[in-house]
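The structure appears right after this line, and notes come after that.
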Amino acid sequence: MQTLIGQIDKIIYENNGFFIAVLHSGEKISAHYFESDVAHLVGAAVTLKGNWEEHRQYGRSFKAESLLVNQHELFFFLNRVVKGFTKKLTAELIERYTTEGLIEILDNDIGQLMEIKGMSAKRLAKLSSGWKQFRSMRLLGEYLAPYGVTPSLLRLIAEAMRDVSDPIEAIRSNPYGLMRIHGIGFKKADEIARNMGVGADDPRRIRSAMEYTLSEHCDQEGNSCIERSTLYDKLDLLLELGDYEPYDEALEDRVREGSIVRLPSGKLSPTRIYEAEKFLLDQFEKRGKTTHPPLTEDLETFLKEHSLNLGEQQYEALRLINSGAGLILLVGYAGTGKSTTAKALLDLLATRHEAALIMTCALSGIASQRIRERSGYQSSTIQSLLVRFESHDTFPYKVILIDEASMINSTLFARLMAKIDPDATVIIVGDDAQLPPIGAGNPLGDAIALELAPTVMLTQIYRQRDDQAIALIANDVRRGVIPPYRDDYDDFTFIPIDLPNRYGLKNSLSADAFGEALQTHAHNILARIAEVTLEHLEESREKLRSKQIREYLSAFQVLSPMRAHTLGVDNLNTVLQEYFNPNPKKKISTRKGELRLMDKVVHIKNENILSYTPEEFKEGIEASERRIFNGMCGLVFRIDEEEELAYVYYPNEELIVQYKFEGIGELLNLSYALSVHKVQGMEYDTVVIVMSFSHHIMLNTKLLYTALTRAKGHCILVGESGAFESACRRLEHTKRTTVIRELTKG
């Protein structure tokens, strides 16, 4: 390894802490730097250790394995990292207090610096926060570097542990705690732990691997229990002990302490999931047998008074509720009149209960808003409802309608059902043809399949005009039938961008040449998506200009099955941002790219954050901490560069959330393009769906059906006909091993 010393003249490339720069002497270097912004290095003298290499774009350059700033740590921090400290002021401070004295003040008694002319409480708070982060990053880096932690991984760990009082001690005592950081997982935590000297059969290692394996099998794959042999096989793929006896010991410890439950069948379930599904099973069966007095003796008169002309299946739902059913499952496919039937049920129940005692709810803000608009009854997101009545034993409602129930996993469903009054009437509305929930379990699907409660299936499709095809095409897809997708329709368009003779090319070209052909084809699809975007851009922008934020956010949406690759969500967002928001007045640089003023964004992590109602924000009332949930979509409407704060308005939740620049990239993504999983429960005027064989692993009937049914006005598919037809043939059934199914066997 060689050493190079020089002064950085300019940064010519930077991404996520990796940068390429030119020294004053003219040499090019590449390195990682995460202690502060890379821009702070311009003009700084540095010592680099690494090797020379030939870079394909920049020519001969020095690839650094380590970088050290050749400047007094304190001087560099005050003069470059903290705004407003000139070289003169920095030198005066060090002369006045001495280096050690100033570090002592910054660490333990920063209030002393209020003596400095021009110092304010706000500036002092920023100085204190910046110093702690700077010092923490450096100390953490020094501690973790010998264990193979890369600079990019160091940044991830430091950001995740910024609220931990002593992160080094926390890691030292249990390095496997790192696997709870998003983006690390067991394998990376295990690599660090093993480098720290943790033994192969250390109980902490086996316990953490078991926890990780169960989490992957349940929370990631959607199951709620697992065979012991399957658990052990998965464990040994991670640990490679070749001896299952330590797994037996670890499992028995988990069972004794109560974190894992052994089912009668021998399968194993995390206790939190077992208790949720056992409770749901009891609730479905108990409430399904509950009966209330009839609502009306003359249902036909009620229908006439409300001008309702219902089909036979829809009428059956009203008959069940009218006869006193305490719980019904209303299951309907696209275009079968679920909303009409749901409103009729609520109107019927309103003949006995005041409107204030009737509540509708859904997982997403958009779904909640939609049921409110279509039914005329109050609505809330499930999470908001749970937070609002957290201190109450039950909700104060006599009727609860749960919409988009196919999206709700077992633990959340159990929390919701536990809050519903035992005497309340519960209507669960869903579509089991959609993707199953994110997380463990499949409560709606299990309840339908096992007939745990009175169920009405709506299958007859209603449409207003012959040229409306979304519902018909979606239902063909649901059944695994290739629809007449090339025909002309008012609300559905397929734009074919095919690669002629794909399989012939694959067999005749080299791997590299075929890869280039696929990349060119992907760019052709991307270009056509851009053209479609341009056709709808002005209509969307007009909504934004007229401050119709909710309408703007739901006007036009691009969907892709995956995040990666040219046609994945991440790249699509980068491209679409340039169309929707090309010249922002302000922007924030993150490790993922840019967040710009007036960008469409999606919150991606359940987190407690300072926020306001719109009224509180207008009146200048202090923000309060609220739970902000993964999947909320909003607009960046204000960026305060001085305070380093961004504000996002979420119209469906009627909240304004305050984000610090630091770490904002871990909480927000652009949402011009979204994954199909992310938009369950959403609805948009125009939806553009990417169809490509590069997403083949994800393409199936459930995913395609879910994507198609997000479109309210017009659904546009762009891409490969063969990929679309392949998705239609891959008839997907939700296959999850659940506690509910295990407990109802035999």
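Ligands are numbered from 1 in the order shown, chains are lettered A, B, ... in the order of the structure tokens, and residues start at 1 in each chain.
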Determine, counting only C-alpha atoms, which protein, DNA and RNA residues have an atom within 10 Å of an atom of Lys132 of chain A; residues of the same chain fewer than 5 positions away are not included. Present the result as a PDB file with N, CA, C and O atoms, in the first residue's frame.
```pdb
ATOM      1  N   LEU A 106     -16.700  22.030  24.516  1.00  0.00           N
ATOM      2  CA  LEU A 106     -17.618  21.488  23.509  1.00  0.00           C
ATOM      3  C   LEU A 106     -18.251  20.182  23.980  1.00  0.00           C
ATOM      4  O   LEU A 106     -19.417  19.902  23.706  1.00  0.00           O
ATOM      5  N   ASP A 107     -17.477  19.406  24.726  1.00  0.00           N
ATOM      6  CA  ASP A 107     -17.983  18.118  25.202  1.00  0.00           C
ATOM      7  C   ASP A 107     -18.918  18.264  26.394  1.00  0.00           C
ATOM      8  O   ASP A 107     -19.936  17.567  26.483  1.00  0.00           O
ATOM      9  N   LEU A 127     -24.027  24.291  16.819  1.00  0.00           N
ATOM     10  CA  LEU A 127     -22.620  23.976  17.053  1.00  0.00           C
ATOM     11  C   LEU A 127     -22.488  22.703  17.891  1.00  0.00           C
ATOM     12  O   LEU A 127     -21.705  21.804  17.579  1.00  0.00           O
ATOM     13  N   MET A 137     -18.770  10.301  14.931  1.00  0.00           N
ATOM     14  CA  MET A 137     -18.411   9.629  13.687  1.00  0.00           C
ATOM     15  C   MET A 137     -16.937   9.235  13.692  1.00  0.00           C
ATOM     16  O   MET A 137     -16.569   8.115  13.319  1.00  0.00           O
ATOM     17  N   ARG A 138     -16.094  10.164  14.150  1.00  0.00           N
ATOM     18  CA  ARG A 138     -14.661   9.869  14.152  1.00  0.00           C
ATOM     19  C   ARG A 138     -14.325   8.751  15.132  1.00  0.00           C
ATOM     20  O   ARG A 138     -13.606   7.812  14.803  1.00  0.00           O
ATOM     21  N   ARG A 162     -27.568   7.500  16.223  1.00  0.00           N
ATOM     22  CA  ARG A 162     -27.281   8.872  16.655  1.00  0.00           C
ATOM     23  C   ARG A 162     -27.937   9.230  17.983  1.00  0.00           C
ATOM     24  O   ARG A 162     -27.497  10.168  18.648  1.00  0.00           O
TER      25      ARG A 162
END
```
List as a PDB file with C-alpha atoms, in the first residue's frame the protein and nucleic acid residues near Gly568 of chain A, meaning an atom at most 10 Å away when only C-alpha atoms are counted, but skip any in the same chain fewer than 2 places from it.
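Okay, part37.pdb is ready:
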```pdb
ATOM      1  CA  LEU A 559     -45.702   1.871 -11.257  1.00  0.00           C
ATOM      2  CA  SER A 560     -42.901  -0.664 -11.504  1.00  0.00           C
ATOM      3  CA  PRO A 561     -42.623  -4.109  -9.891  1.00  0.00           C
ATOM      4  CA  MET A 562     -39.040  -3.592  -8.689  1.00  0.00           C
ATOM      5  CA  ARG A 563     -36.701  -0.905  -7.357  1.00  0.00           C
ATOM      6  CA  ALA A 564     -33.498  -1.763  -9.228  1.00  0.00           C
ATOM      7  CA  HIS A 565     -32.403  -1.613 -12.890  1.00  0.00           C
ATOM      8  CA  THR A 566     -33.121   0.912 -15.632  1.00  0.00           C
ATOM      9  CA  ASP A 570     -35.233   4.327  -8.281  1.00  0.00           C
ATOM     10  CA  ASN A 571     -34.092   5.182 -11.803  1.00  0.00           C
ATOM     11  CA  LEU A 572     -37.624   6.084 -12.934  1.00  0.00           C
ATOM     12  CA  ASN A 573     -37.847   8.601 -10.088  1.00  0.00           C
ATOM     13  CA  ALA A 673     -42.665   6.221  -9.513  1.00  0.00           C
ATOM     14  CA  LEU A 674     -43.700   3.692  -6.854  1.00  0.00           C
ATOM     15  CA  SER A 675     -43.566  -0.069  -6.484  1.00  0.00           C
ATOM     16  CA  VAL A 690     -43.949  -0.770 -16.750  1.00  0.00           C
ATOM     17  CA  SER A 692     -40.513  -5.761 -18.871  1.00  0.00           C
ATOM     18  CA  SER A 694     -36.281  -7.665 -16.534  1.00  0.00           C
ATOM     19  CA  HIS A 695     -38.970  -7.809 -13.813  1.00  0.00           C
TER      20      HIS A 695
END
```
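With only C-alpha atoms as the atoms that count, the minimum distance from Ile448 of chain A to the choices A:Leu239, A:Ala200, A:Ser406, A:Gln7 is reached by A:Ser406.
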Practice problem: Name the residues of segment 5-251 of chain A that fall into strand (DSSP E) according to DSSP on the backbone, using the chain letters and numbers of this document, as JSON, numbers by chain. | Solution: {"A": [5, 6, 7, 8, 9, 10, 11, 12, 13, 14, 15, 18, 19, 20, 21, 22, 23, 28, 29, 30, 31, 32, 45, 46, 47, 48, 49, 50, 51, 52, 53, 54, 55, 59, 60, 61, 62, 63, 64, 65, 66, 67, 68, 69]}
Quiz item: So which residues touch Pro264 of chain A within 9 Å, counting only C-alpha atoms, skipping near sequence neighbours fewer than 3 positions away, as a VMD selection string?
Solution: chain A and resid 267 742 to 743
Those same residues, written as a PDB file, in the first residue's frame with N, CA, C and O atoms?
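Below is the file selection-v2.pdb, written as the result:
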```pdb
ATOM      1  N   LYS A 267     -45.130 -27.071  14.683  1.00  0.00           N
ATOM      2  CA  LYS A 267     -44.575 -25.872  14.058  1.00  0.00           C
ATOM      3  C   LYS A 267     -44.296 -24.812  15.128  1.00  0.00           C
ATOM      4  O   LYS A 267     -44.851 -24.846  16.229  1.00  0.00           O
ATOM      5  N   GLU A 742     -53.126 -23.501  11.018  1.00  0.00           N
ATOM      6  CA  GLU A 742     -52.638 -24.608  11.855  1.00  0.00           C
ATOM      7  C   GLU A 742     -53.615 -24.922  12.982  1.00  0.00           C
ATOM      8  O   GLU A 742     -53.869 -26.084  13.298  1.00  0.00           O
ATOM      9  N   LEU A 743     -54.181 -23.878  13.590  1.00  0.00           N
ATOM     10  CA  LEU A 743     -55.073 -24.080  14.734  1.00  0.00           C
ATOM     11  C   LEU A 743     -56.446 -24.603  14.327  1.00  0.00           C
ATOM     12  O   LEU A 743     -57.207 -25.081  15.176  1.00  0.00           O
TER      13      LEU A 743
END
```
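If you count only C-alpha atoms and ignore residues fewer than 2 places along the chain from Gly148 of chain A, what sits within 9 Å of it is Leu144, Ala145, Pro146, Thr150, Glu191, Ile192 and Asn195 of chain A.
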Go ahead and save the residues from that selection, with N, CA, C and O atoms, as a compact mmCIF listing (two decimals), in the first residue's frame.
```txt
# COMPACT_ATOMS: atom_id res chain seq x y z
N LEU A 144 -14.50 0.92 14.78
CA LEU A 144 -15.01 -0.13 13.89
C LEU A 144 -14.09 -0.46 12.72
O LEU A 144 -14.18 -1.55 12.15
N ALA A 145 -13.21 0.46 12.34
CA ALA A 145 -12.36 0.24 11.16
C ALA A 145 -11.59 -1.08 11.21
O ALA A 145 -11.52 -1.80 10.19
N PRO A 146 -11.01 -1.48 12.35
CA PRO A 146 -10.26 -2.76 12.36
C PRO A 146 -11.13 -3.99 12.12
O PRO A 146 -10.61 -5.07 11.86
N THR A 150 -16.72 -0.66 6.37
CA THR A 150 -16.40 0.29 5.31
C THR A 150 -16.94 1.68 5.66
O THR A 150 -17.84 1.80 6.51
N GLU A 191 -20.39 -10.86 10.38
CA GLU A 191 -19.02 -10.65 9.89
C GLU A 191 -18.25 -9.73 10.84
O GLU A 191 -17.09 -10.00 11.19
N ILE A 192 -18.91 -8.65 11.27
CA ILE A 192 -18.27 -7.72 12.20
C ILE A 192 -18.02 -8.40 13.54
O ILE A 192 -16.93 -8.30 14.12
N ASN A 195 -15.16 -10.81 13.38
CA ASN A 195 -13.90 -10.07 13.36
C ASN A 195 -13.54 -9.54 14.74
O ASN A 195 -12.36 -9.34 15.05
```
Self-check item: Polymer residues at most 9 Å from segment 112-126 of chain A, only C-alpha atoms, same-chain spacing of 5 or more positions, as a ChimeraX atom specification
Solution: /A:82,93,105-106,131,643
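Our summary of the geometry notes that atom CA of Ile157 of chain A is positioned 17.4 Å from atom CA of Arg194 of chain A.
Each of A:Val676, A:Val657, A:Leu635, A:Val558 was compared to Leu435 of chain A using only C-alpha atoms, and A:Val676 turns out to be the nearest.
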Self-check item: Who sits within 10 Å of Thr351 of chain A, only C-alpha atoms, same chain under 6 positions skipped, as a VMD selection string
Solution: chain A and resid 295 to 296 302
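If you look at atom CA of Cys361 of chain A and atom CA of Glu404 of chain A, they are 8.8 Å away from each other.
Counting only C-alpha atoms, the residue from A:Ile8, A:His182, A:Ala447, A:Leu610 that sits nearest to Asn70 of chain A is A:Ile8.
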Practice problem: Considering only C-alpha atoms, return as a PyMOL selection string whatever protein or nucleic-acid residues lie within 12 Å of Gln57 of chain A, sequence-local ones (same chain, fewer than 3 positions apart) excluded. | Solution: chain A and resi 12-13+20+28+53-54+60-61
Practice problem: Please identify which residues in segment 134-242 of chain A DSSP calls alpha helix (DSSP H) from the backbone, and express them as a ChimeraX atom specification. | Solution: /A:134-144,151-160,167-173,185-195,203-215,228-239
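Note that atom CA of Tyr612 of chain A and atom CA of Ile639 of chain A are 15.7 Å apart.
You can rank A:Leu237, A:Ile184, A:Ala250, A:Phe395 by their closest distance to Ile206 of chain A using only C-alpha atoms, and at the top of that list sits A:Ala250.
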